[in-house]
file input_29.csv (CSV, C-alpha atoms)
chain,number,residue,atom,x,y,z
A,18,MET,CA,0.3,-79.8,-20.3
A,19,THR,CA,1.6,-78.0,-23.4
A,20,SER,CA,5.2,-76.8,-23.5
A,21,PRO,CA,5.6,-73.1,-22.6
A,22,ALA,CA,6.0,-70.8,-25.6
A,23,THR,CA,8.2,-67.7,-25.8
A,24,ALA,CA,6.6,-64.3,-25.8
A,25,SER,CA,7.0,-63.9,-29.6
A,26,ALA,CA,6.0,-67.5,-30.5
A,27,TRP,CA,2.4,-66.8,-31.6
A,28,SER,CA,3.6,-64.7,-34.5
A,29,THR,CA,6.7,-66.7,-35.5
A,30,PRO,CA,6.2,-68.1,-39.0
A,31,PHE,CA,6.0,-71.9,-39.2
A,32,ASP,CA,8.6,-73.6,-41.3
A,33,GLY,CA,6.7,-76.6,-42.6
A,34,ASP,CA,3.5,-77.8,-44.3
A,35,LEU,CA,0.5,-78.2,-42.1
A,36,THR,CA,-1.9,-79.2,-44.8
A,37,ASP,CA,-2.2,-82.8,-43.8
A,38,ASP,CA,-2.6,-81.9,-40.2
A,39,LEU,CA,-5.3,-79.5,-40.9
A,40,GLN,CA,-7.1,-82.1,-43.1
A,41,LEU,CA,-6.9,-84.6,-40.2
A,42,ALA,CA,-8.2,-82.0,-37.8
A,43,LEU,CA,-11.2,-81.5,-40.1
A,44,ARG,CA,-11.8,-85.2,-40.3
A,45,LEU,CA,-11.6,-85.4,-36.5
A,46,ALA,CA,-14.3,-82.7,-36.4
A,47,GLU,CA,-16.5,-84.7,-38.6
A,48,ALA,CA,-16.2,-87.7,-36.3
A,49,ALA,CA,-16.8,-85.6,-33.2
A,50,ASP,CA,-19.9,-84.1,-34.7
A,51,ALA,CA,-21.4,-87.5,-35.4
A,52,VAL,CA,-20.8,-88.8,-31.9
A,53,ALA,CA,-21.9,-85.6,-30.0
A,54,MET,CA,-25.0,-85.0,-32.1
A,55,ALA,CA,-26.2,-88.6,-31.6
A,56,ARG,CA,-26.9,-87.8,-27.9
A,57,PHE,CA,-27.7,-84.1,-28.1
A,58,ASP,CA,-30.9,-83.2,-26.3
A,59,ALA,CA,-31.5,-86.8,-25.4
A,60,ALA,CA,-34.0,-87.2,-22.6
A,61,ASP,CA,-31.9,-90.0,-21.0
A,62,LEU,CA,-28.5,-88.3,-21.3
A,63,ASP,CA,-26.1,-89.5,-18.5
A,64,VAL,CA,-24.7,-86.5,-16.7
A,65,GLN,CA,-22.2,-86.7,-13.8
A,66,LEU,CA,-20.3,-84.2,-11.6
A,67,LYS,CA,-16.5,-84.1,-11.8
A,68,ALA,CA,-14.2,-83.4,-8.8
A,69,ASP,CA,-14.2,-79.7,-9.7
A,70,ALA,CA,-18.0,-79.6,-9.6
A,71,SER,CA,-18.2,-79.1,-13.4
A,72,HIS,CA,-20.5,-81.4,-15.4
A,73,VAL,CA,-19.5,-84.2,-17.8
A,74,THR,CA,-21.8,-86.1,-20.0
A,75,GLU,CA,-21.6,-89.4,-21.7
A,76,ALA,CA,-21.2,-87.5,-24.9
A,77,ASP,CA,-18.1,-85.6,-23.7
A,78,LEU,CA,-16.4,-88.9,-22.8
A,79,ALA,CA,-17.5,-90.7,-26.0
A,80,THR,CA,-16.4,-87.9,-28.2
A,81,GLU,CA,-13.0,-87.7,-26.7
A,82,ARG,CA,-12.6,-91.4,-26.9
A,83,ALA,CA,-13.5,-91.4,-30.6
A,84,LEU,CA,-10.9,-88.6,-31.3
A,85,ARG,CA,-8.2,-90.4,-29.4
A,86,GLY,CA,-8.9,-93.6,-31.3
A,87,ILE,CA,-8.4,-91.8,-34.6
A,88,LEU,CA,-5.3,-90.1,-33.5
A,89,ALA,CA,-3.8,-93.4,-32.2
A,90,THR,CA,-4.1,-94.7,-35.8
A,91,GLU,CA,-3.3,-91.5,-37.8
A,92,ARG,CA,-0.7,-89.9,-35.5
A,93,PRO,CA,0.6,-92.6,-33.1
A,94,ASN,CA,3.7,-90.6,-32.2
A,95,ASP,CA,1.9,-87.4,-31.3
A,96,GLY,CA,0.9,-86.5,-27.8
A,97,ILE,CA,-2.7,-85.7,-26.7
A,98,LEU,CA,-4.1,-83.4,-24.1
A,99,GLY,CA,-7.8,-83.8,-23.6
A,100,GLU,CA,-10.2,-82.3,-21.1
A,101,GLU,CA,-11.7,-85.7,-20.0
A,102,TYR,CA,-8.7,-88.1,-20.2
A,103,GLY,CA,-5.7,-86.0,-19.5
A,104,THR,CA,-2.3,-86.0,-21.1
A,105,SER,CA,-0.4,-88.7,-23.0
A,106,GLY,CA,2.6,-88.9,-25.2
A,107,ASP,CA,5.2,-86.3,-26.3
A,108,ALA,CA,4.3,-82.7,-26.1
A,109,HIS,CA,6.5,-81.7,-29.0
A,110,ARG,CA,3.5,-82.3,-31.3
A,111,GLN,CA,0.4,-82.3,-29.1
A,112,TRP,CA,-3.2,-82.5,-30.1
A,113,ILE,CA,-5.3,-80.5,-27.6
A,114,ILE,CA,-9.0,-81.5,-27.5
A,115,ASP,CA,-12.1,-80.2,-25.8
A,116,PRO,CA,-14.8,-82.7,-26.9
A,117,ILE,CA,-17.6,-80.4,-25.9
A,118,ASP,CA,-16.8,-76.8,-24.9
A,119,GLY,CA,-20.0,-75.6,-23.3
A,120,THR,CA,-21.2,-78.8,-21.6
A,121,ALA,CA,-23.7,-76.8,-19.5
A,122,ASN,CA,-25.4,-75.8,-22.8
A,123,TYR,CA,-25.2,-79.3,-24.2
A,124,LEU,CA,-26.9,-81.0,-21.3
A,125,LYS,CA,-29.7,-78.4,-21.3
A,126,GLY,CA,-30.3,-78.8,-25.1
A,127,ILE,CA,-29.0,-75.3,-25.9
A,128,PRO,CA,-27.1,-75.5,-29.3
A,129,MET,CA,-24.3,-73.2,-28.3
A,130,TRP,CA,-21.5,-75.8,-27.7
A,131,THR,CA,-18.4,-76.6,-29.7
A,132,THR,CA,-15.8,-79.3,-30.3
A,133,LEU,CA,-12.4,-77.8,-30.2
A,134,ILE,CA,-9.4,-79.5,-31.8
A,135,ALA,CA,-5.9,-78.0,-31.9
A,136,LEU,CA,-2.4,-79.1,-32.8
A,137,ALA,CA,0.4,-77.4,-30.9
A,138,ILE,CA,4.0,-77.8,-32.0
A,139,ASP,CA,6.6,-76.9,-29.4
A,140,GLY,CA,3.9,-75.3,-27.4
A,141,VAL,CA,2.6,-73.1,-30.1
A,142,PRO,CA,-1.0,-73.7,-31.4
A,143,ARG,CA,-0.6,-74.1,-35.2
A,144,VAL,CA,-3.8,-75.8,-36.3
A,145,GLY,CA,-7.3,-75.1,-34.9
A,146,VAL,CA,-10.8,-76.3,-35.7
A,147,ALA,CA,-13.9,-75.2,-33.9
A,148,SER,CA,-17.1,-77.1,-34.8
A,149,GLN,CA,-20.6,-76.3,-33.8
A,150,PRO,CA,-22.7,-79.0,-35.4
A,151,ALA,CA,-26.0,-78.1,-33.7
A,152,LEU,CA,-25.8,-74.8,-35.6
A,153,GLY,CA,-24.2,-76.2,-38.7
A,154,ARG,CA,-21.1,-74.0,-38.2
A,155,ARG,CA,-17.4,-74.7,-38.4
A,156,TRP,CA,-14.2,-72.5,-38.3
A,157,TRP,CA,-10.6,-73.6,-39.0
A,158,ALA,CA,-7.1,-72.4,-39.6
A,159,ALA,CA,-3.5,-73.4,-39.8
A,160,SER,CA,-0.4,-71.2,-39.6
A,161,GLY,CA,0.2,-69.5,-42.9
A,162,GLN,CA,-3.0,-70.8,-44.5
A,163,GLY,CA,-5.6,-68.3,-43.4
A,164,ALA,CA,-8.7,-68.7,-41.3
A,165,TRP,CA,-11.9,-70.0,-42.8
A,166,THR,CA,-15.6,-70.8,-42.1
A,167,ASN,CA,-18.2,-72.8,-43.9
A,168,THR,CA,-21.0,-71.0,-45.9
A,169,PRO,CA,-24.6,-72.0,-46.2
A,170,GLU,CA,-23.9,-73.0,-49.8
A,171,GLY,CA,-21.3,-75.6,-48.7
A,172,GLY,CA,-18.3,-73.5,-49.6
A,173,ALA,CA,-15.6,-71.8,-47.5
A,174,ARG,CA,-15.2,-68.1,-46.7
A,175,ARG,CA,-12.0,-66.6,-45.6
A,176,LEU,CA,-12.1,-64.7,-42.2
A,177,GLY,CA,-10.8,-61.3,-41.4
A,178,VAL,CA,-11.0,-59.2,-38.2
A,179,SER,CA,-12.5,-55.7,-38.2
A,180,SER,CA,-10.5,-52.5,-38.8
A,181,VAL,CA,-12.2,-50.7,-35.9
A,182,ALA,CA,-9.5,-48.4,-34.5
A,183,THR,CA,-11.1,-46.6,-31.6
A,184,MET,CA,-12.4,-48.2,-28.3
A,185,ALA,CA,-15.5,-46.0,-28.4
A,186,ASP,CA,-16.5,-47.9,-31.5
A,187,ALA,CA,-15.6,-51.3,-30.3
A,188,SER,CA,-18.0,-54.2,-29.5
A,189,VAL,CA,-16.8,-56.6,-26.8
A,190,SER,CA,-17.7,-59.9,-25.2
A,191,PHE,CA,-16.5,-60.5,-21.6
A,192,GLN,CA,-18.0,-64.0,-20.9
A,193,SER,CA,-19.6,-63.4,-17.5
A,194,ILE,CA,-19.6,-60.9,-14.7
A,195,ALA,CA,-18.9,-63.7,-12.2
A,196,GLN,CA,-15.6,-64.6,-13.9
A,197,TRP,CA,-14.3,-61.1,-13.5
A,198,ASP,CA,-15.6,-60.9,-10.0
A,199,ASP,CA,-14.0,-64.2,-9.0
A,200,VAL,CA,-10.5,-62.8,-9.8
A,201,GLY,CA,-11.2,-59.4,-8.2
A,202,ARG,CA,-11.4,-57.5,-11.5
A,203,THR,CA,-15.0,-56.2,-11.5
A,204,ASP,CA,-13.8,-52.6,-11.5
A,205,ASP,CA,-11.8,-53.4,-14.7
A,206,LEU,CA,-14.9,-54.8,-16.3
A,207,LEU,CA,-16.9,-51.8,-15.5
A,208,ARG,CA,-14.2,-49.5,-16.8
A,209,LEU,CA,-14.1,-51.6,-20.0
A,210,SER,CA,-17.9,-51.4,-20.4
A,211,ARG,CA,-17.8,-47.7,-20.1
A,212,ALA,CA,-15.1,-47.2,-22.6
A,213,VAL,CA,-16.6,-49.2,-25.5
A,214,TRP,CA,-19.6,-48.9,-27.7
A,215,ARG,CA,-21.3,-52.2,-26.8
A,216,ASP,CA,-20.7,-55.0,-24.3
A,217,ARG,CA,-22.3,-58.4,-24.2
A,218,GLY,CA,-21.5,-61.9,-22.6
A,219,TYR,CA,-22.0,-64.2,-25.6
A,220,GLY,CA,-20.1,-67.0,-24.0
A,221,ASP,CA,-17.7,-69.9,-24.7
A,222,THR,CA,-16.2,-70.3,-28.2
A,223,TRP,CA,-18.7,-68.3,-30.3
A,224,PRO,CA,-17.5,-64.7,-29.4
A,225,TYR,CA,-13.9,-65.6,-30.5
A,226,MET,CA,-15.3,-66.7,-33.9
A,227,LEU,CA,-17.4,-63.5,-34.1
A,228,LEU,CA,-14.1,-61.6,-33.6
A,229,ALA,CA,-12.4,-63.6,-36.3
A,230,GLU,CA,-15.3,-62.8,-38.6
A,231,GLY,CA,-14.9,-59.0,-37.9
A,232,ARG,CA,-18.1,-58.7,-35.8
A,233,LEU,CA,-16.4,-58.0,-32.4
A,234,GLU,CA,-13.2,-56.3,-31.4
A,235,PHE,CA,-12.5,-57.9,-27.9
A,236,VAL,CA,-13.1,-61.1,-26.1
A,237,ALA,CA,-11.6,-62.0,-22.7
A,238,GLU,CA,-12.0,-64.8,-20.1
A,239,PHE,CA,-10.6,-66.1,-16.8
A,240,GLY,CA,-10.3,-69.6,-15.6
A,241,VAL,CA,-9.7,-71.1,-19.0
A,242,LYS,CA,-7.6,-74.2,-19.6
A,243,GLU,CA,-5.4,-75.1,-22.5
A,244,TYR,CA,-8.1,-77.1,-24.2
A,245,ASP,CA,-10.6,-74.2,-23.9
A,246,ILE,CA,-8.5,-71.8,-26.1
A,247,ALA,CA,-5.7,-73.6,-28.0
A,248,ALA,CA,-7.8,-74.2,-31.1
A,249,LEU,CA,-8.9,-70.5,-31.1
A,250,VAL,CA,-5.4,-69.1,-31.2
A,251,PRO,CA,-4.6,-69.9,-34.9
A,252,ILE,CA,-8.1,-69.0,-36.0
A,253,VAL,CA,-7.8,-65.5,-34.5
A,254,HIS,CA,-4.2,-65.0,-35.6
A,255,GLU,CA,-4.8,-66.2,-39.2
A,256,ALA,CA,-7.8,-63.8,-39.3
A,257,GLY,CA,-5.5,-60.9,-38.5
A,258,GLY,CA,-6.1,-60.5,-34.8
A,259,ARG,CA,-4.0,-61.0,-31.7
A,260,PHE,CA,-4.4,-63.5,-28.9
A,261,THR,CA,-2.6,-63.3,-25.6
A,262,ASP,CA,-3.4,-63.8,-21.9
A,263,ILE,CA,-5.0,-60.9,-20.0
A,264,ASP,CA,-1.5,-59.6,-19.2
A,265,GLY,CA,-0.3,-59.6,-22.8
A,266,ALA,CA,1.8,-62.7,-22.8
A,267,ASP,CA,1.6,-65.4,-25.5
A,268,SER,CA,0.4,-68.3,-23.3
A,269,ILE,CA,-2.4,-70.8,-23.2
A,270,SER,CA,-1.5,-71.9,-19.7
A,271,SER,CA,-2.1,-68.6,-17.8
A,272,ARG,CA,-5.8,-69.3,-17.1
A,273,SER,CA,-6.8,-66.1,-18.9
A,274,SER,CA,-7.3,-65.1,-22.5
A,275,LEU,CA,-7.6,-61.8,-24.4
A,276,ALA,CA,-8.4,-61.8,-28.1
A,277,THR,CA,-8.7,-58.6,-30.2
A,278,ASN,CA,-8.7,-57.3,-33.7
A,279,GLY,CA,-5.1,-56.5,-33.2
A,280,VAL,CA,-5.4,-52.8,-33.9
A,281,LEU,CA,-6.8,-52.2,-30.4
A,282,HIS,CA,-4.9,-54.9,-28.5
A,283,SER,CA,-2.4,-52.4,-26.8
A,284,ASP,CA,-5.3,-50.1,-26.0
A,285,PHE,CA,-7.2,-52.8,-24.2
A,286,LEU,CA,-4.1,-54.0,-22.3
A,287,THR,CA,-3.5,-50.4,-21.2
A,288,LEU,CA,-7.2,-50.1,-20.1
A,289,LEU,CA,-6.9,-53.3,-18.1
A,290,GLY,CA,-3.6,-52.2,-16.5
A,291,ALA,CA,-1.4,-54.7,-18.3
A,292,PRO,CA,1.9,-54.3,-20.2
A,293,ASP,CA,1.9,-55.2,-23.9
A,294,ALA,CA,4.1,-58.2,-24.3
A,295,ALA,CA,4.9,-57.3,-27.9
A,296,THR,CA,6.8,-54.2,-26.6
A,297,LEU,CA,8.8,-55.9,-23.8
call {"tool": "encode", "arguments": {"input": "input_29.csv", "output": "structure tokens"}}
result
Amino acid sequence: MTSPATASAWSTPFDGDLTDDLQLALRLAEAADAVAMARFDAADLDVQLKADASHVTEADLATERALRGILATERPNDGILGEEYGTSGDAHRQWIIDPIDGTANYLKGIPMWTTLIALAIDGVPRVGVASQPALGRRWWAASGQGAWTNTPEGGARRLGVSSVATMADASVSFQSIAQWDDVGRTDDLLRLSRAVWRDRGYGDTWPYMLLAEGRLEFVAEFGVKEYDIAALVPIVHEAGGRFTDIDGADSISSRSSLATNGVLHSDFLTLLGAPDAATL
């Protein structure tokens, strides 16, 4: 797993140049897109059940193998944490990979799935790429370099979160009712839905990217693993937002996530009954 980060780590400036690492992450995304799209919506797609009863497809496995192969050549001294093949190498510099986030969508031919690629340095996600090739979308960021997305014209557009400052005007995504029910927080979800302007369950990576684009003010999940969210942290932060766990701590290993436009982060933590780690 990734090394634990301190409570202030997410906002600590990075003293170094991440340009080459970001360019490598984007090349990894290109390779992942090619492998995953080759089997998307295939009638003979091989699908298996893992020990935790979640699905894995041949494309999940092939995509992660392809990324690990490139990293073995390009960054042989770096560690890797992948959903399908576990952890290898030193966690000081660790590439965190989810080859297909949204496998359930992928195997049903629904285009809402994403390859997630992150580089964590001393436990802090510093580079993140989220690629949705079935929709022709990609988002990326590195500490100190801003957050970006591709445009229909082939260029890049810088991302920025919204300036919405009241919960009554906020639009939120909560993933699913079942997630909140499983952890005994259905009452919190109802309180949240009553306090905001609009609530939806968009699911998986996309709502975090909508938040980074300024279209949502809050996204939260439970049961998430490091590879589900590591790539999202730098994108949200470089877009001007905040990303913590549901209790306000800067952690990708707490099995929960809370991303906001930053302005409303403390308000949402208060609503959900959690302290704000930034004030501890």
call {"tool": "closest_residue", "arguments": {"input": "input_29.csv", "among": "A:Thr287, A:Ser188, A:Thr36, A:Ser179", "to": "A:Glu230", "atoms": "all atoms listed in the file"}}
result
A:Ser179
call {"tool": "residues_around", "arguments": {"input": "input_29.csv", "residues": "A:Arg155", "least_positions_apart": "5", "cutoff": "7 Å", "atoms": "all atoms listed in the file", "output": "list in words"}}
result
Ala147, Ser148, Gln149, Thr166 and Asn167 of chain A
call {"tool": "residues_near_point", "arguments": {"input": "input_29.csv", "point": "(-13.8, -51.8, -15.1)", "cutoff": "12 Å", "atoms": "only C-alpha atoms", "output": "list of chain:residue names"}}
result
A:Phe191, A:Ile194, A:Trp197, A:Asp198, A:Gly201, A:Arg202, A:Thr203, A:Asp204, A:Asp205, A:Leu206, A:Leu207, A:Arg208, A:Leu209, A:Ser210, A:Arg211, A:Ala212, A:Val213, A:Asp216, A:Phe285, A:Leu288, A:Leu289, A:Gly290
call {"tool": "atom_distance", "arguments": {"input": "input_29.csv", "atom1": "atom CA of A:Leu45", "atom2": "atom CA of A:Thr90"}}
result
12.0 Å
call {"tool": "atom_distance", "arguments": {"input": "input_29.csv", "atom1": "atom CA of A:Gly220", "atom2": "atom CA of A:Asp58"}}
result
19.6 Å
call {"tool": "closest_residue", "arguments": {"input": "input_29.csv", "among": "A:Gly106, A:Thr29, A:Ala173, A:Leu152", "to": "A:Met54", "atoms": "all atoms listed in the file"}}
result
A:Leu152
call {"tool": "residues_around", "arguments": {"input": "input_29.csv", "residues": "A:Leu136", "least_positions_apart": "6", "cutoff": "6 Å", "atoms": "all atoms listed in the file", "output": "ChimeraX atom specification"}}
result
/A:111-112,142-144
call {"tool": "atom_distance", "arguments": {"input": "input_29.csv", "atom1": "atom CA of A:Tyr219", "atom2": "atom CA of A:Gln192"}}
result
6.2 Å
call {"tool": "closest_residue", "arguments": {"input": "input_29.csv", "among": "A:Leu43, A:Ile134, A:Ala48, A:Val280", "to": "A:Val250", "atoms": "all atoms listed in the file"}}
result
A:Ile134
call {"tool": "residues_near_point", "arguments": {"input": "input_29.csv", "point": "(-15.2, -64.3, -39.9)", "cutoff": "8 Å", "atoms": "all atoms listed in the file", "output": "list in words"}}
result
Ala164, Trp165, Thr166, Arg174, Arg175, Leu176, Gly177, Val178, Met226, Leu227, Leu228, Ala229, Glu230, Gly231, Arg232 and Ala256 of chain A
call {"tool": "build_atoms", "arguments": {"input": "input_29.csv", "residues": "stretch 74-93 of chain A", "atoms": "N, CA, C and O atoms", "output": "CSV table (one decimal), keeping the file's coordinate frame"}}
result
chain,number,residue,atom,x,y,z
A,74,THR,N,-20.8,-85.2,-19.5
A,74,THR,CA,-21.8,-86.1,-20.0
A,74,THR,C,-21.2,-87.3,-20.7
A,74,THR,O,-20.0,-87.3,-21.0
A,75,GLU,N,-22.0,-88.3,-20.9
A,75,GLU,CA,-21.6,-89.4,-21.7
A,75,GLU,C,-21.0,-89.0,-23.1
A,75,GLU,O,-20.1,-89.6,-23.6
A,76,ALA,N,-21.6,-87.9,-23.6
A,76,ALA,CA,-21.2,-87.5,-24.9
A,76,ALA,C,-19.8,-86.9,-24.9
A,76,ALA,O,-19.0,-87.0,-25.8
A,77,ASP,N,-19.5,-86.1,-23.8
A,77,ASP,CA,-18.1,-85.6,-23.7
A,77,ASP,C,-17.1,-86.8,-23.7
A,77,ASP,O,-16.1,-86.7,-24.4
A,78,LEU,N,-17.4,-87.8,-22.9
A,78,LEU,CA,-16.4,-88.9,-22.8
A,78,LEU,C,-16.4,-89.7,-24.1
A,78,LEU,O,-15.3,-90.0,-24.6
A,79,ALA,N,-17.5,-90.0,-24.8
A,79,ALA,CA,-17.5,-90.7,-26.0
A,79,ALA,C,-16.8,-90.0,-27.1
A,79,ALA,O,-16.1,-90.6,-28.0
A,80,THR,N,-17.0,-88.7,-27.2
A,80,THR,CA,-16.4,-87.9,-28.2
A,80,THR,C,-14.9,-87.9,-28.1
A,80,THR,O,-14.2,-88.1,-29.1
A,81,GLU,N,-14.4,-87.7,-26.9
A,81,GLU,CA,-13.0,-87.7,-26.7
A,81,GLU,C,-12.4,-89.0,-27.0
A,81,GLU,O,-11.3,-89.1,-27.6
A,82,ARG,N,-13.1,-90.1,-26.6
A,82,ARG,CA,-12.6,-91.4,-26.9
A,82,ARG,C,-12.5,-91.7,-28.4
A,82,ARG,O,-11.5,-92.2,-28.9
A,83,ALA,N,-13.5,-91.2,-29.2
A,83,ALA,CA,-13.5,-91.4,-30.6
A,83,ALA,C,-12.3,-90.6,-31.2
A,83,ALA,O,-11.6,-91.2,-32.1
A,84,LEU,N,-12.0,-89.4,-30.8
A,84,LEU,CA,-10.9,-88.6,-31.3
A,84,LEU,C,-9.6,-89.2,-31.0
A,84,LEU,O,-8.7,-89.3,-31.8
A,85,ARG,N,-9.4,-89.7,-29.8
A,85,ARG,CA,-8.2,-90.4,-29.4
A,85,ARG,C,-8.0,-91.7,-30.2
A,85,ARG,O,-6.8,-92.0,-30.5
A,86,GLY,N,-9.0,-92.4,-30.5
A,86,GLY,CA,-8.9,-93.6,-31.3
A,86,GLY,C,-8.4,-93.3,-32.7
A,86,GLY,O,-7.5,-94.0,-33.2
A,87,ILE,N,-8.9,-92.2,-33.3
A,87,ILE,CA,-8.4,-91.8,-34.6
A,87,ILE,C,-7.0,-91.4,-34.6
A,87,ILE,O,-6.2,-91.8,-35.4
A,88,LEU,N,-6.6,-90.6,-33.6
A,88,LEU,CA,-5.3,-90.1,-33.5
A,88,LEU,C,-4.3,-91.2,-33.2
A,88,LEU,O,-3.1,-91.2,-33.7
A,89,ALA,N,-4.7,-92.2,-32.5
A,89,ALA,CA,-3.8,-93.4,-32.2
A,89,ALA,C,-3.5,-94.1,-33.5
A,89,ALA,O,-2.4,-94.7,-33.6
A,90,THR,N,-4.4,-94.1,-34.5
A,90,THR,CA,-4.1,-94.7,-35.8
A,90,THR,C,-3.4,-93.7,-36.7
A,90,THR,O,-2.4,-94.1,-37.4
A,91,GLU,N,-3.8,-92.5,-36.8
A,91,GLU,CA,-3.3,-91.5,-37.8
A,91,GLU,C,-2.0,-90.9,-37.3
A,91,GLU,O,-1.2,-90.5,-38.2
A,92,ARG,N,-1.8,-90.6,-36.0
A,92,ARG,CA,-0.7,-89.9,-35.5
A,92,ARG,C,-0.2,-90.6,-34.2
A,92,ARG,O,-0.2,-90.0,-33.2
A,93,PRO,N,0.3,-91.9,-34.3
A,93,PRO,CA,0.6,-92.6,-33.1
A,93,PRO,C,1.8,-92.0,-32.3
A,93,PRO,O,1.9,-92.3,-31.1
